[in-house]
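**Q** Dumping the structure here so I can ask a few things about it.
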Amino acid sequence: MLHLINKEKIPQHIAIIMDGNGRWAKERGKDRLFGHQHGVLSVREVVEGCVEAGIKNLTLYAFSTENWNRPENEVNGLMELLVTTIRKEAETLSKNGVRLFVIGDLDSLPLACRQELDEAMALTAENKSLNLILALSYSSKWEILEATKKIAAKVKAGELLEGDINDEVFKSHLSTAAFPDPELMIRTSGENRISNFLLYQLAYAELYFTHTHWPDFRKENLYEAILNYQNRERRFGKISEQLHLA
Ligand code: IPE
Ligand code: IPE
Ligand code: MG
């Protein structure tokens, strides 16, 4: 399916809500962590798929602020899985030209996770093919409030004029400041909601919902989503005829 993708219309940034690990496991009579473990293979597939398709930025929603409210054994299991996965995958990421970034309230993560992430980010810092942005202990409301506080402090200190606050200034205070806004947001497993993910950045993104559970998601599913995106008309408030003027 990769050959069907129009190379001229590749999204610069794809964001994914990796959902359905728990349901996938339940369908197999296994516990939820089994689903999360299998989700790692899908992450590998999608990262490779993005490199092959020439996508430059991929944000994966791996753990939300609200996910801290899950049962303790699931939270601990997810944190351990994160550490072991990063440790195992860092070399491969590096070889594939992937650079790792993390967004979210990182202070709330266990120290072992932060150390592993720091090492992997340092190891991949020079890579240029794909920016892989992990949203960890992330919530968009949290991020927007943090940005607002930083901007308010600058105005108070006289470093920024209230009248100069615009979209560009606001964006530069978000944790995604270094990346373009996602043009395509994919959510697996049939839920039609955003769940506190990139609320500001997704303002004009095309949303793609699929019933496929995350552990079943493969490159072909990614390419199908990209093809679907390429067949949409993005009007940005204009009318169709205006888009076709030279
Ligand atoms: C997504 O799968 C992974 C995380 C939120 C960490 P879920 O664990 O939400 O799976 P479902 O939605 O319960 O099936
Ligand atoms: C969203 O999935 C968060 C991640 C995929 C990390 P959830 O499964 O937590 O979302 P809700 O609670 O069903 O909306
Ligand atoms: Mg879920």
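Each chain of the structure tokens is named A, B, ... in the order shown, its residues numbered from 1; ligands are numbered from 1 in display order.
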Report as a count of residues only: the residues of segment 10-157 of chain A with a DSSP assignment of helix (DSSP H, G or I), based on the backbone of this structure.
**A** 91
**Q** Please report, as a Markdown table, each residue of segment 143-228 of chain A lying at most 8 Å from segment 49-61 of chain A, together with the nearest pair of atoms and the separation in Å rounded to one decimal; use only C-alpha atoms, and order rows by chain and ascending residue number.
**A**
| residue | atom | partner | partner_atom | distance |
| --- | --- | --- | --- | --- |
| A:Phe179 | CA | A:Asn57 | CA | 7.3 |
| A:Phe197 | CA | A:Tyr61 | CA | 7.5 |
| A:Lys219 | CA | A:Gly49 | CA | 5.2 |
| A:Leu222 | CA | A:Gly49 | CA | 7.3 |
| A:Tyr223 | CA | A:Gly49 | CA | 7.9 |
**Q** Calculated over only C-alpha atoms and all ligand atoms, which of the candidates A:Leu145, A:Ile151, A:Ile186, A:Val169 has the smallest distance to ligand 2?
**A**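 Using only C-alpha atoms and all ligand atoms, ligand 2 sits closest to A:Ile186.
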**Q** Any idea what the distance is between atom CA of Gly77 of chain A and atom CA of Leu93 of chain A?
**A**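 Pair atom CA of Gly77 of chain A / atom CA of Leu93 of chain A returns 22.7 Å.
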**Q** Give as a ChimeraX atom specification the residues surrounding ligand 2 up to a distance of 6 Å, considering only C-alpha atoms and all ligand atoms.
**A** /A:17-19,61-64,67,195
**Q** Let's have the selection written as a compact mmCIF listing (two decimals), in the first residue's frame, with N, CA, C and O atoms.
**A**
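The result, written out as again15.txt:
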# COMPACT_ATOMS: atom_id res chain seq x y z
N ILE A 17 -3.33 8.11 19.20
CA ILE A 17 -3.81 7.66 20.51
C ILE A 17 -3.85 6.13 20.43
O ILE A 17 -4.71 5.56 19.76
N MET A 18 -2.89 5.51 21.08
CA MET A 18 -2.74 4.05 20.99
C MET A 18 -3.71 3.43 22.00
O MET A 18 -3.36 3.26 23.18
N ASP A 19 -4.90 3.09 21.55
CA ASP A 19 -5.93 2.64 22.49
C ASP A 19 -6.35 1.20 22.20
O ASP A 19 -6.25 0.73 21.06
N TYR A 61 0.71 8.80 22.03
CA TYR A 61 0.15 9.00 23.37
C TYR A 61 0.31 7.67 24.11
O TYR A 61 -0.39 6.69 23.83
N ALA A 62 1.26 7.63 25.02
CA ALA A 62 1.60 6.36 25.69
C ALA A 62 1.01 6.26 27.09
O ALA A 62 0.74 5.17 27.58
N PHE A 63 0.86 7.42 27.76
CA PHE A 63 0.34 7.40 29.14
C PHE A 63 -0.19 8.80 29.47
O PHE A 63 0.55 9.78 29.36
N SER A 64 -1.47 8.86 29.84
CA SER A 64 -2.05 10.17 30.12
C SER A 64 -1.98 10.47 31.62
O SER A 64 -1.78 9.56 32.44
N ASN A 67 -4.27 8.39 33.40
CA ASN A 67 -3.93 6.96 33.53
C ASN A 67 -3.28 6.62 34.88
O ASN A 67 -3.25 5.46 35.28
N SER A 195 -9.58 12.58 24.50
CA SER A 195 -8.99 12.20 25.80
C SER A 195 -7.80 13.07 26.21
O SER A 195 -6.75 12.55 26.59
**Q** With only C-alpha atoms and all ligand atoms as the basis for distance, which of A:Ser240, A:Ser175, A:Thr148, A:Thr212 is at the shortest distance from ligand 1?
**A**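 Between A:Ser240, A:Ser175, A:Thr148, A:Thr212, the residue approaching ligand 1 most closely is A:Thr212.
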**Q** Return as a PDB file with C-alpha atoms, in the first residue's frame every polymer residue, whether protein, DNA or RNA, with at least one atom no more than 9 Å from an atom of ligand 1; count only C-alpha atoms and all ligand atoms.
**A**
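Result file out21.pdb:
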ATOM      1  CA  ILE A  17      -3.806   7.661  20.513  1.00  0.00           C
ATOM      2  CA  MET A  18      -2.745   4.046  20.992  1.00  0.00           C
ATOM      3  CA  ASP A  19      -5.926   2.639  22.493  1.00  0.00           C
ATOM      4  CA  GLY A  20      -7.437  -0.809  23.045  1.00  0.00           C
ATOM      5  CA  ASN A  21      -4.624  -2.836  24.618  1.00  0.00           C
ATOM      6  CA  GLY A  22      -6.852  -3.852  27.513  1.00  0.00           C
ATOM      7  CA  ARG A  23      -9.772  -4.956  25.319  1.00  0.00           C
ATOM      8  CA  TRP A  24      -7.403  -6.835  22.999  1.00  0.00           C
ATOM      9  CA  ALA A  25      -6.063  -8.803  25.989  1.00  0.00           C
ATOM     10  CA  LYS A  26      -9.526  -9.413  27.436  1.00  0.00           C
ATOM     11  CA  ARG A  32      -4.342  -6.078  30.550  1.00  0.00           C
ATOM     12  CA  LEU A  33      -0.538  -6.054  30.755  1.00  0.00           C
ATOM     13  CA  GLY A  35      -2.108  -6.285  25.788  1.00  0.00           C
ATOM     14  CA  HIS A  36       0.353  -3.527  26.636  1.00  0.00           C
ATOM     15  CA  GLY A  39       1.353  -2.982  21.842  1.00  0.00           C
ATOM     16  CA  TYR A  61       0.152   8.996  23.368  1.00  0.00           C
ATOM     17  CA  ALA A  62       1.599   6.362  25.687  1.00  0.00           C
ATOM     18  CA  PHE A  63       0.341   7.402  29.142  1.00  0.00           C
ATOM     19  CA  SER A  64      -2.050  10.173  30.124  1.00  0.00           C
ATOM     20  CA  ASN A  67      -3.928   6.959  33.532  1.00  0.00           C
ATOM     21  CA  GLU A  74      -1.250  -1.802  35.822  1.00  0.00           C
ATOM     22  CA  VAL A  75       0.505   1.526  36.399  1.00  0.00           C
ATOM     23  CA  LEU A  78       3.343   0.075  32.331  1.00  0.00           C
ATOM     24  CA  THR A 188      -7.400   3.000  17.459  1.00  0.00           C
ATOM     25  CA  SER A 189     -10.031   0.781  19.060  1.00  0.00           C
ATOM     26  CA  GLU A 191     -13.432   5.363  20.743  1.00  0.00           C
ATOM     27  CA  HIS A 213      -7.122  -2.456  18.554  1.00  0.00           C
ATOM     28  CA  TRP A 214      -3.632  -1.039  19.021  1.00  0.00           C
ATOM     29  CA  PRO A 215      -1.850  -4.449  19.352  1.00  0.00           C
TER      30      PRO A 215
END
**Q** Please provide as a list in words all residues within 9 Å of Asp181 of chain A, with the sequence filter that same-chain residues fewer than 2 positions apart are discarded (counting only C-alpha atoms).
**A**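 Non-adjacent residues within range: Gln12, His13, Ile14, Thr176, Phe179, Glu183, Tyr200, Gln201, Leu202, Ala203, Tyr204 and Ala205 of chain A.
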**Q** Restricting the calculation to only C-alpha atoms and all ligand atoms, which member of A:Asn192, A:Asn6, A:Asn166, A:Thr92 is positioned closest to ligand 3?
**A** A:Asn192
**Q** Which is closest to ligand 3 among A:Glu206, A:Glu66, A:Glu159, A:Glu48, if we use only C-alpha atoms and all ligand atoms?
**A**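 Using only C-alpha atoms and all ligand atoms, ligand 3 sits closest to A:Glu66.
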**Q** Expressed in Å to a single decimal, how great is the separation between atom CA of Pro182 of chain A and atom CA of Leu160 of chain A?
**A**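 Interatomic distance, atom CA of Pro182 of chain A to atom CA of Leu160 of chain A: 27.5 Å.
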**Q** For Glu146 of chain A, list every protein, DNA or RNA residue within 12 Å, evaluated using only C-alpha atoms, and leave out those in the same chain fewer than 6 positions away; present the list as a list in words.
**A**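 Everything that qualifies: Gly104, Asp105, Tyr138, Ser139, Ser140, Ala152, Ala153, Phe170, Lys171, Ser172, His173, Leu174 and Ser175 of chain A.
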**Q** Keeping N, CA and C atoms for every residue in the selection just given, could you write it to a file as a short mmCIF file (atom, residue, chain, number, x, y, z; two decimals), in the first residue's frame?
**A**
data_model
loop_
_atom_site.label_atom_id
_atom_site.label_comp_id
_atom_site.auth_asym_id
_atom_site.auth_seq_id
_atom_site.Cartn_x
_atom_site.Cartn_y
_atom_site.Cartn_z
N GLY A 104 5.28 15.92 28.49
CA GLY A 104 4.41 15.57 29.60
C GLY A 104 5.02 16.00 30.93
N ASP A 105 4.35 15.63 32.00
CA ASP A 105 4.80 16.02 33.33
C ASP A 105 5.83 14.99 33.80
N TYR A 138 1.10 12.79 30.18
CA TYR A 138 0.76 13.98 29.42
C TYR A 138 -0.74 14.25 29.52
N SER A 139 -1.07 15.53 29.62
CA SER A 139 -2.45 15.96 29.45
C SER A 139 -2.39 17.33 28.80
N SER A 140 -3.28 17.53 27.85
CA SER A 140 -3.24 18.78 27.11
C SER A 140 -3.66 19.97 27.98
N ALA A 152 2.28 34.34 31.52
CA ALA A 152 1.88 35.34 32.53
C ALA A 152 3.11 35.85 33.28
N ALA A 153 4.04 34.93 33.61
CA ALA A 153 5.25 35.32 34.34
C ALA A 153 6.09 36.28 33.50
N PHE A 170 2.12 31.73 21.69
CA PHE A 170 1.51 30.71 22.55
C PHE A 170 2.11 29.33 22.26
N LYS A 171 2.18 29.01 20.97
CA LYS A 171 2.73 27.70 20.56
C LYS A 171 4.15 27.50 21.06
N SER A 172 4.91 28.59 21.05
CA SER A 172 6.32 28.47 21.44
C SER A 172 6.47 28.16 22.93
N HIS A 173 5.38 28.28 23.69
CA HIS A 173 5.43 27.92 25.11
C HIS A 173 4.85 26.54 25.40
N LEU A 174 4.39 25.87 24.36
CA LEU A 174 3.89 24.50 24.55
C LEU A 174 5.05 23.51 24.46
N SER A 175 4.85 22.30 24.96
CA SER A 175 5.95 21.32 24.94
C SER A 175 6.24 20.83 23.53
#
**Q** When distances are computed from only C-alpha atoms and all ligand atoms, which of A:Lys156, A:Asp164, A:Arg70, A:Thr124 shows the smallest separation from ligand 3?
**A**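 Between A:Lys156, A:Asp164, A:Arg70, A:Thr124, the residue approaching ligand 3 most closely is A:Arg70.
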**Q** What does the distance between atom CA of Leu136 of chain A and atom CA of Arg99 of chain A come to in Å, to one decimal place?
**A**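 Distance between the two atoms: 16.1 Å.
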